[in-house]
Amino acid sequence: MEHAAGGGVAGWLAGGPSGIGTSAARVLFGAAAAGGGKGAQEAAGADGGAGSGGPPRAGDPVPGLYCPPAAPADPQKIAEVDRRLDAWARELDLFPPEWAGDFAGFQVGKAVVLQHPGAADLERLVVAGKLLVAENVVDDCYCEDYGGSVSGRGSRLILAQSALDPLHTADGYQQQWQHGLGADAPLRSYDGAMRAFREIATPSQVSRFVHDMARLHLGYVAEGAWAETRTTPPVWQYLVMRQFNNFRPCLSLVDSVDGYELPEVLYARPEVQRVTALACNATTIVNDLYSFTKEMARDAYHLNLPVVIAAEDGRGLKAAYLKAVEIHNEIMHAFEDESAVLAATNPVLARYTTGLAAWVTGNHRWHHTNTYRYSLPHYW
């Protein structure tokens with residue numbers, strides 16, 4: 001998941017990523033725009049924006065990035081979700097008062113309303129927002145900006161996982177663990193968010209989410225190991241890491257938030273796992289692309305997809321960035337094509353894949369319109 005550069009609550013939260021469309025026509029973006037490289041990039045994103053008509057403006061999508069438009073978000077619903085999340089964060093004492101102003105800049109309410117247009121009710125959107133906040137409190141405080149060095153990352157994350165997957169041990173140590181959860185803001189955030197999630201989800205959905213959070217933490221550890229040694233991995237290895245360190249826990253919630261359950265017998269099918277992974281990987285590359293400018297301004301060694309492509313291919317960052325767009329588009333089209341096949345076989349799978357697609361398109365909309373947080377490189 002993204003590692004934020006700014007202070008405050010805005011620094012905690014990741015971007016967090018409707019309906020399945022048919023694959024759009026593939027249009028050559030042009031060798032000149034690709035920095036001399038060949039490539040199948042979609043011209044003019046489906047979300048609108050600059051396309052091939054000049055450089056993007058603030059709030060435009062990445063030119064050539066393929067993503068269908070998101071369902072519009074209700075401003076009143078966004079405001080109410082933000083109000084409830086702010087009250088929850090204050091109740092748990094998750095951040096000092098001087099960080100509070102950055103919460104509005106992050107637009108967490110807008111993120112979850114865009115990502116879950118089919119939400120069964122407002123409370124389920126608030127729960128999704130709590131989990132999004134909590135994941136990024138842990139990310140920044142244990143892994144990134146607020147004391148989270150790469151040294152000792154695994155030991156911090158195993159404690160974080162225990163806030164999701166509770167310890168069961170001798171009474172005295174159980175009490176010490178419980179005290180530890182309450183004494184640390186990142187652990188309080190996980191514990192509080194999970195309590196809320198258990199109220200709206202089935203035991204199977206909770207187990208699925210806990211498993212996906214363990215995947216996320218494993219990805220954090222791998223990324224930290226490369227950062228500690230200043231290692232730039234091959235592109236394929238980086239993509240492996242990003243399949244774990246990605247938005248999958250957020251997409252795990254689509255059926256819970258929409259008020260139904262995708263049965264485990266369906267969820268476990270290889271083809272369902274594949275479309276889930278494709279959706280998560282596409283939206284994670286979106287995050288790499290939109291957070292690229294601020295990441296590179298903060299740390300020239302920061303790993304993201306354009307950086308590892310540039311290192312492996314021996315090309316400049318512009319050409320590598322545009323190649324990353326092509327990789328995203330290939331993954332996004334595979335997701336749409338394979339989801340359409342699954343949707344035709346089962347109405348529950350149709351509902352699930354529609355929810356995945358809504359999360360991906362809503363998250364893209366949140367990224368490219370959040371000018372408080374993101375700006376694009378001058379590559380067009």
# chains A, B, ... in the order shown; residues from 1 in each chain; ligands from 1
>>> residues_around(residues="stretch 161-163 of chain A", least_positions_apart="3", cutoff="12 Å", atoms="only C-alpha atoms", output="ChimeraX atom specification")
/A:134-135,138,142,154-158,166-168,174,177-182,184-195,209-218
>>> residues_around(residues="stretch 116-128 of chain A", least_positions_apart="5", cutoff="8 Å", atoms="only C-alpha atoms", output="PDB file with all heavy atoms, in the first residue's frame")
ATOM      1  N   SER A  18     -18.635   2.364 -12.198  1.00  0.00           N
ATOM      2  CA  SER A  18     -18.780   1.089 -11.534  1.00  0.00           C
ATOM      3  C   SER A  18     -19.479   0.067 -12.435  1.00  0.00           C
ATOM      4  O   SER A  18     -20.116   0.438 -13.398  1.00  0.00           O
ATOM      5  CB  SER A  18     -19.583   1.287 -10.270  1.00  0.00           C
ATOM      6  OG  SER A  18     -18.963   2.250  -9.444  1.00  0.00           O
ATOM      7  N   ALA A  71     -18.926   5.366 -10.500  1.00  0.00           N
ATOM      8  CA  ALA A  71     -20.245   5.886 -10.153  1.00  0.00           C
ATOM      9  C   ALA A  71     -20.069   7.169  -9.344  1.00  0.00           C
ATOM     10  O   ALA A  71     -19.142   7.291  -8.543  1.00  0.00           O
ATOM     11  CB  ALA A  71     -21.015   4.857  -9.333  1.00  0.00           C
ATOM     12  N   ALA A  73     -20.373  10.019  -6.497  1.00  0.00           N
ATOM     13  CA  ALA A  73     -20.468   9.897  -5.045  1.00  0.00           C
ATOM     14  C   ALA A  73     -21.360  11.000  -4.485  1.00  0.00           C
ATOM     15  O   ALA A  73     -21.231  12.168  -4.868  1.00  0.00           O
ATOM     16  CB  ALA A  73     -19.074   9.980  -4.431  1.00  0.00           C
ATOM     17  N   LYS A  77     -23.501  11.969   1.711  1.00  0.00           N
ATOM     18  CA  LYS A  77     -23.037  10.700   2.274  1.00  0.00           C
ATOM     19  C   LYS A  77     -21.552  10.795   2.636  1.00  0.00           C
ATOM     20  O   LYS A  77     -21.124  10.323   3.696  1.00  0.00           O
ATOM     21  CB  LYS A  77     -23.267   9.578   1.254  1.00  0.00           C
ATOM     22  CG  LYS A  77     -23.046   8.185   1.791  1.00  0.00           C
ATOM     23  CD  LYS A  77     -23.360   7.135   0.732  1.00  0.00           C
ATOM     24  CE  LYS A  77     -24.835   7.071   0.406  1.00  0.00           C
ATOM     25  NZ  LYS A  77     -25.152   5.961  -0.529  1.00  0.00           N
ATOM     26  N   VAL A  81     -19.997  10.238   6.433  1.00  0.00           N
ATOM     27  CA  VAL A  81     -18.958   9.243   6.706  1.00  0.00           C
ATOM     28  C   VAL A  81     -17.746   9.919   7.335  1.00  0.00           C
ATOM     29  O   VAL A  81     -17.190   9.435   8.328  1.00  0.00           O
ATOM     30  CB  VAL A  81     -18.571   8.489   5.419  1.00  0.00           C
ATOM     31  CG1 VAL A  81     -17.342   7.612   5.665  1.00  0.00           C
ATOM     32  CG2 VAL A  81     -19.731   7.636   4.925  1.00  0.00           C
ATOM     33  N   ARG A  84     -18.427  10.800  11.025  1.00  0.00           N
ATOM     34  CA  ARG A  84     -18.395   9.642  11.930  1.00  0.00           C
ATOM     35  C   ARG A  84     -16.972   9.109  12.107  1.00  0.00           C
ATOM     36  O   ARG A  84     -16.591   8.692  13.211  1.00  0.00           O
ATOM     37  CB  ARG A  84     -19.312   8.540  11.402  1.00  0.00           C
ATOM     38  CG  ARG A  84     -20.777   8.924  11.389  1.00  0.00           C
ATOM     39  CD  ARG A  84     -21.649   7.702  11.147  1.00  0.00           C
ATOM     40  NE  ARG A  84     -23.016   8.047  10.842  1.00  0.00           N
ATOM     41  CZ  ARG A  84     -24.004   7.157  10.714  1.00  0.00           C
ATOM     42  NH1 ARG A  84     -23.735   5.853  10.869  1.00  0.00           N
ATOM     43  NH2 ARG A  84     -25.223   7.537  10.420  1.00  0.00           N
ATOM     44  N   LEU A  85     -16.188   9.127  11.045  1.00  0.00           N
ATOM     45  CA  LEU A  85     -14.803   8.650  11.164  1.00  0.00           C
ATOM     46  C   LEU A  85     -13.967   9.587  12.022  1.00  0.00           C
ATOM     47  O   LEU A  85     -13.124   9.149  12.806  1.00  0.00           O
ATOM     48  CB  LEU A  85     -14.178   8.491   9.785  1.00  0.00           C
ATOM     49  CG  LEU A  85     -14.710   7.340   8.940  1.00  0.00           C
ATOM     50  CD1 LEU A  85     -14.069   7.377   7.552  1.00  0.00           C
ATOM     51  CD2 LEU A  85     -14.456   5.991   9.608  1.00  0.00           C
ATOM     52  N   ALA A 193     -11.244  -1.065  14.701  1.00  0.00           N
ATOM     53  CA  ALA A 193     -11.823  -1.290  13.378  1.00  0.00           C
ATOM     54  C   ALA A 193     -12.323  -2.723  13.225  1.00  0.00           C
ATOM     55  O   ALA A 193     -13.379  -2.967  12.626  1.00  0.00           O
ATOM     56  CB  ALA A 193     -10.804  -0.957  12.294  1.00  0.00           C
ATOM     57  N   ALA A 196     -15.630  -3.312  14.904  1.00  0.00           N
ATOM     58  CA  ALA A 196     -16.730  -2.810  14.076  1.00  0.00           C
ATOM     59  C   ALA A 196     -17.005  -3.744  12.901  1.00  0.00           C
ATOM     60  O   ALA A 196     -18.172  -3.988  12.545  1.00  0.00           O
ATOM     61  CB  ALA A 196     -16.390  -1.401  13.570  1.00  0.00           C
ATOM     62  N   PHE A 197     -15.958  -4.273  12.294  1.00  0.00           N
ATOM     63  CA  PHE A 197     -16.142  -5.155  11.145  1.00  0.00           C
ATOM     64  C   PHE A 197     -16.851  -6.443  11.538  1.00  0.00           C
ATOM     65  O   PHE A 197     -17.712  -6.942  10.797  1.00  0.00           O
ATOM     66  CB  PHE A 197     -14.781  -5.472  10.514  1.00  0.00           C
ATOM     67  CG  PHE A 197     -14.863  -6.313   9.271  1.00  0.00           C
ATOM     68  CD1 PHE A 197     -15.697  -5.970   8.225  1.00  0.00           C
ATOM     69  CD2 PHE A 197     -14.092  -7.468   9.148  1.00  0.00           C
ATOM     70  CE1 PHE A 197     -15.772  -6.756   7.067  1.00  0.00           C
ATOM     71  CE2 PHE A 197     -14.159  -8.255   8.008  1.00  0.00           C
ATOM     72  CZ  PHE A 197     -15.004  -7.899   6.970  1.00  0.00           C
ATOM     73  N   ILE A 200     -20.642  -6.444  11.274  1.00  0.00           N
ATOM     74  CA  ILE A 200     -21.363  -6.427   9.990  1.00  0.00           C
ATOM     75  C   ILE A 200     -21.013  -7.614   9.100  1.00  0.00           C
ATOM     76  O   ILE A 200     -21.640  -7.809   8.056  1.00  0.00           O
ATOM     77  CB  ILE A 200     -21.080  -5.129   9.205  1.00  0.00           C
ATOM     78  CG1 ILE A 200     -19.625  -5.079   8.720  1.00  0.00           C
ATOM     79  CG2 ILE A 200     -21.428  -3.895  10.032  1.00  0.00           C
ATOM     80  CD1 ILE A 200     -19.383  -4.163   7.558  1.00  0.00           C
ATOM     81  N   CYS A 250      -8.761  -4.200   1.270  1.00  0.00           N
ATOM     82  CA  CYS A 250      -9.881  -3.287   0.992  1.00  0.00           C
ATOM     83  C   CYS A 250     -10.890  -3.936   0.052  1.00  0.00           C
ATOM     84  O   CYS A 250     -12.106  -3.808   0.244  1.00  0.00           O
ATOM     85  CB  CYS A 250      -9.353  -1.999   0.380  1.00  0.00           C
ATOM     86  SG  CYS A 250      -8.180  -1.091   1.403  1.00  0.00           S
ATOM     87  N   LEU A 253     -13.566  -6.578   1.210  1.00  0.00           N
ATOM     88  CA  LEU A 253     -14.770  -6.128   1.911  1.00  0.00           C
ATOM     89  C   LEU A 253     -15.983  -5.951   1.022  1.00  0.00           C
ATOM     90  O   LEU A 253     -17.069  -5.638   1.519  1.00  0.00           O
ATOM     91  CB  LEU A 253     -14.490  -4.767   2.570  1.00  0.00           C
ATOM     92  CG  LEU A 253     -13.276  -4.633   3.460  1.00  0.00           C
ATOM     93  CD1 LEU A 253     -13.162  -3.187   3.955  1.00  0.00           C
ATOM     94  CD2 LEU A 253     -13.344  -5.592   4.633  1.00  0.00           C
ATOM     95  N   VAL A 254     -15.831  -6.119  -0.303  1.00  0.00           N
ATOM     96  CA  VAL A 254     -16.910  -5.669  -1.184  1.00  0.00           C
ATOM     97  C   VAL A 254     -18.233  -6.359  -0.890  1.00  0.00           C
ATOM     98  O   VAL A 254     -19.293  -5.708  -0.917  1.00  0.00           O
ATOM     99  CB  VAL A 254     -16.527  -5.789  -2.678  1.00  0.00           C
ATOM    100  CG1 VAL A 254     -15.349  -4.881  -3.010  1.00  0.00           C
ATOM    101  CG2 VAL A 254     -16.251  -7.221  -3.091  1.00  0.00           C
ATOM    102  N   SER A 256     -19.129  -7.786   2.024  1.00  0.00           N
ATOM    103  CA  SER A 256     -19.564  -7.388   3.367  1.00  0.00           C
ATOM    104  C   SER A 256     -20.228  -6.019   3.334  1.00  0.00           C
ATOM    105  O   SER A 256     -21.295  -5.808   3.929  1.00  0.00           O
ATOM    106  CB  SER A 256     -18.368  -7.334   4.319  1.00  0.00           C
ATOM    107  OG  SER A 256     -17.659  -8.548   4.341  1.00  0.00           O
ATOM    108  N   VAL A 257     -19.606  -5.069   2.656  1.00  0.00           N
ATOM    109  CA  VAL A 257     -20.145  -3.708   2.605  1.00  0.00           C
ATOM    110  C   VAL A 257     -21.441  -3.667   1.804  1.00  0.00           C
ATOM    111  O   VAL A 257     -22.371  -2.920   2.140  1.00  0.00           O
ATOM    112  CB  VAL A 257     -19.093  -2.743   2.030  1.00  0.00           C
ATOM    113  CG1 VAL A 257     -19.671  -1.333   1.878  1.00  0.00           C
ATOM    114  CG2 VAL A 257     -17.855  -2.698   2.926  1.00  0.00           C
ATOM    115  N   ASP A 258     -21.536  -4.495   0.773  1.00  0.00           N
ATOM    116  CA  ASP A 258     -22.748  -4.521  -0.044  1.00  0.00           C
ATOM    117  C   ASP A 258     -23.867  -5.348   0.576  1.00  0.00           C
ATOM    118  O   ASP A 258     -24.976  -5.407   0.019  1.00  0.00           O
ATOM    119  CB  ASP A 258     -22.429  -5.044  -1.446  1.00  0.00           C
ATOM    120  CG  ASP A 258     -21.677  -4.016  -2.284  1.00  0.00           C
ATOM    121  OD1 ASP A 258     -21.411  -2.903  -1.791  1.00  0.00           O
ATOM    122  OD2 ASP A 258     -21.335  -4.327  -3.443  1.00  0.00           O
ATOM    123  N   GLY A 259     -23.611  -6.003   1.710  1.00  0.00           N
ATOM    124  CA  GLY A 259     -24.672  -6.644   2.475  1.00  0.00           C
ATOM    125  C   GLY A 259     -25.004  -8.069   2.093  1.00  0.00           C
ATOM    126  O   GLY A 259     -26.134  -8.514   2.295  1.00  0.00           O
ATOM    127  N   GLY A 355     -18.725  -5.678  -7.821  1.00  0.00           N
ATOM    128  CA  GLY A 355     -18.205  -4.959  -6.656  1.00  0.00           C
ATOM    129  C   GLY A 355     -16.713  -4.711  -6.751  1.00  0.00           C
ATOM    130  O   GLY A 355     -16.225  -3.632  -6.380  1.00  0.00           O
ATOM    131  N   ALA A 358     -16.205  -1.922  -9.227  1.00  0.00           N
ATOM    132  CA  ALA A 358     -16.594  -0.637  -8.642  1.00  0.00           C
ATOM    133  C   ALA A 358     -15.500  -0.107  -7.727  1.00  0.00           C
ATOM    134  O   ALA A 358     -15.213   1.098  -7.717  1.00  0.00           O
ATOM    135  CB  ALA A 358     -17.905  -0.797  -7.877  1.00  0.00           C
ATOM    136  N   TRP A 359     -14.880  -1.004  -6.955  1.00  0.00           N
ATOM    137  CA  TRP A 359     -13.805  -0.556  -6.073  1.00  0.00           C
ATOM    138  C   TRP A 359     -12.629  -0.020  -6.891  1.00  0.00           C
ATOM    139  O   TRP A 359     -12.070   1.044  -6.601  1.00  0.00           O
ATOM    140  CB  TRP A 359     -13.324  -1.698  -5.165  1.00  0.00           C
ATOM    141  CG  TRP A 359     -12.649  -1.168  -3.934  1.00  0.00           C
ATOM    142  CD1 TRP A 359     -13.208  -0.983  -2.710  1.00  0.00           C
ATOM    143  CD2 TRP A 359     -11.285  -0.712  -3.837  1.00  0.00           C
ATOM    144  NE1 TRP A 359     -12.287  -0.447  -1.849  1.00  0.00           N
ATOM    145  CE2 TRP A 359     -11.100  -0.265  -2.509  1.00  0.00           C
ATOM    146  CE3 TRP A 359     -10.219  -0.633  -4.725  1.00  0.00           C
ATOM    147  CZ2 TRP A 359      -9.890   0.246  -2.058  1.00  0.00           C
ATOM    148  CZ3 TRP A 359      -9.001  -0.117  -4.281  1.00  0.00           C
ATOM    149  CH2 TRP A 359      -8.844   0.312  -2.960  1.00  0.00           C
ATOM    150  N   GLY A 362     -13.684   3.335  -8.579  1.00  0.00           N
ATOM    151  CA  GLY A 362     -13.845   4.372  -7.563  1.00  0.00           C
ATOM    152  C   GLY A 362     -12.518   4.806  -6.977  1.00  0.00           C
ATOM    153  O   GLY A 362     -12.286   5.998  -6.731  1.00  0.00           O
TER     154      GLY A 362
END
>>> atom_distance(atom1="atom CA of A:Ser291", atom2="atom CA of A:Gly105")
15.2 Å
>>> residues_around(residues="stretch 328-332 of chain A", least_positions_apart="4", cutoff="8 Å", atoms="only C-alpha atoms", output="PyMOL selection string")
chain A and resi 41-42+65-67+278-279+281-282+285-286+324+336
>>> write_last_selection(atoms="all heavy atoms", output="compact mmCIF listing (two decimals), in the first residue's frame")
# COMPACT_ATOMS: atom_id res chain seq x y z
N GLN A 41 -1.02 1.64 -25.34
CA GLN A 41 -1.60 2.41 -24.27
C GLN A 41 -2.93 2.93 -24.75
O GLN A 41 -3.08 3.30 -25.91
CB GLN A 41 -0.69 3.58 -23.89
CG GLN A 41 0.62 3.13 -23.26
CD GLN A 41 1.40 4.33 -22.82
OE1 GLN A 41 2.02 4.99 -23.63
NE2 GLN A 41 1.33 4.63 -21.56
N GLU A 42 -3.89 2.98 -23.83
CA GLU A 42 -5.19 3.51 -24.19
C GLU A 42 -5.09 5.03 -24.25
O GLU A 42 -4.56 5.65 -23.35
CB GLU A 42 -6.25 3.14 -23.14
CG GLU A 42 -6.21 1.73 -22.60
CD GLU A 42 -6.05 0.69 -23.67
OE1 GLU A 42 -6.64 0.82 -24.75
OE2 GLU A 42 -5.32 -0.26 -23.45
N LEU A 65 -4.06 5.96 -19.31
CA LEU A 65 -4.40 4.94 -18.31
C LEU A 65 -5.84 4.52 -18.53
O LEU A 65 -6.76 5.34 -18.46
CB LEU A 65 -4.22 5.48 -16.90
CG LEU A 65 -4.37 4.45 -15.79
CD1 LEU A 65 -3.12 3.58 -15.70
CD2 LEU A 65 -4.62 5.13 -14.45
N TYR A 66 -6.07 3.22 -18.77
CA TYR A 66 -7.42 2.73 -19.02
C TYR A 66 -8.13 2.43 -17.71
O TYR A 66 -7.66 1.64 -16.89
CB TYR A 66 -7.40 1.47 -19.88
CG TYR A 66 -8.79 0.87 -19.97
CD1 TYR A 66 -9.79 1.52 -20.69
CD2 TYR A 66 -9.11 -0.28 -19.28
CE1 TYR A 66 -11.07 1.02 -20.74
CE2 TYR A 66 -10.40 -0.80 -19.32
CZ TYR A 66 -11.37 -0.15 -20.05
OH TYR A 66 -12.65 -0.64 -20.07
N CYS A 67 -9.27 3.06 -17.52
CA CYS A 67 -10.13 2.72 -16.39
C CYS A 67 -11.52 3.26 -16.68
O CYS A 67 -11.67 4.45 -16.98
CB CYS A 67 -9.61 3.30 -15.08
SG CYS A 67 -10.45 2.67 -13.61
N LEU A 278 -6.10 -9.90 -10.00
CA LEU A 278 -5.94 -8.95 -11.10
C LEU A 278 -6.50 -7.57 -10.73
O LEU A 278 -5.88 -6.54 -11.01
CB LEU A 278 -6.63 -9.47 -12.36
CG LEU A 278 -5.96 -10.66 -13.06
CD1 LEU A 278 -6.89 -11.23 -14.13
CD2 LEU A 278 -4.63 -10.25 -13.69
N ALA A 279 -7.66 -7.54 -10.10
CA ALA A 279 -8.24 -6.26 -9.68
C ALA A 279 -7.34 -5.56 -8.69
O ALA A 279 -7.08 -4.35 -8.79
CB ALA A 279 -9.63 -6.50 -9.07
N ASN A 281 -4.11 -5.97 -8.22
CA ASN A 281 -2.84 -5.57 -8.83
C ASN A 281 -3.01 -4.36 -9.73
O ASN A 281 -2.14 -3.48 -9.76
CB ASN A 281 -2.25 -6.75 -9.60
CG ASN A 281 -1.77 -7.85 -8.67
OD1 ASN A 281 -1.55 -7.62 -7.48
ND2 ASN A 281 -1.59 -9.04 -9.20
N ALA A 282 -4.10 -4.29 -10.47
CA ALA A 282 -4.33 -3.12 -11.32
C ALA A 282 -4.43 -1.85 -10.48
O ALA A 282 -3.80 -0.83 -10.80
CB ALA A 282 -5.61 -3.31 -12.14
N ILE A 285 -1.04 -0.70 -9.04
CA ILE A 285 -0.21 0.02 -10.00
C ILE A 285 -0.72 1.45 -10.17
O ILE A 285 0.07 2.39 -10.32
CB ILE A 285 -0.16 -0.73 -11.34
CG1 ILE A 285 0.56 -2.08 -11.17
CG2 ILE A 285 0.56 0.11 -12.40
CD1 ILE A 285 0.55 -2.95 -12.41
N VAL A 286 -2.03 1.64 -10.14
CA VAL A 286 -2.59 2.99 -10.15
C VAL A 286 -1.97 3.83 -9.03
O VAL A 286 -1.57 4.98 -9.22
CB VAL A 286 -4.13 2.95 -10.03
CG1 VAL A 286 -4.69 4.31 -9.62
CG2 VAL A 286 -4.75 2.49 -11.34
N ALA A 324 4.86 1.39 -17.41
CA ALA A 324 4.04 0.96 -16.27
C ALA A 324 2.56 1.16 -16.57
O ALA A 324 1.72 0.35 -16.16
CB ALA A 324 4.45 1.72 -15.01
N GLU A 336 -11.19 -7.38 -16.63
CA GLU A 336 -12.52 -7.19 -17.20
C GLU A 336 -12.97 -8.39 -18.02
O GLU A 336 -14.10 -8.85 -17.90
CB GLU A 336 -12.54 -5.93 -18.07
CG GLU A 336 -12.52 -4.64 -17.28
CD GLU A 336 -12.85 -3.45 -18.14
OE1 GLU A 336 -12.58 -3.49 -19.35
OE2 GLU A 336 -13.39 -2.46 -17.61
>>> select_by_dssp(residues="stretch 83-145 of chain A", states="helix (DSSP H, G or I)", output="PyMOL selection string")
chain A and resi 83-91+97-99+101-106+108-115+122-143
>>> closest_residue(among="A:Phe292, A:Tyr267, A:Tyr301, A:Phe247", to="A:Trp226", atoms="only C-alpha atoms")
A:Tyr301
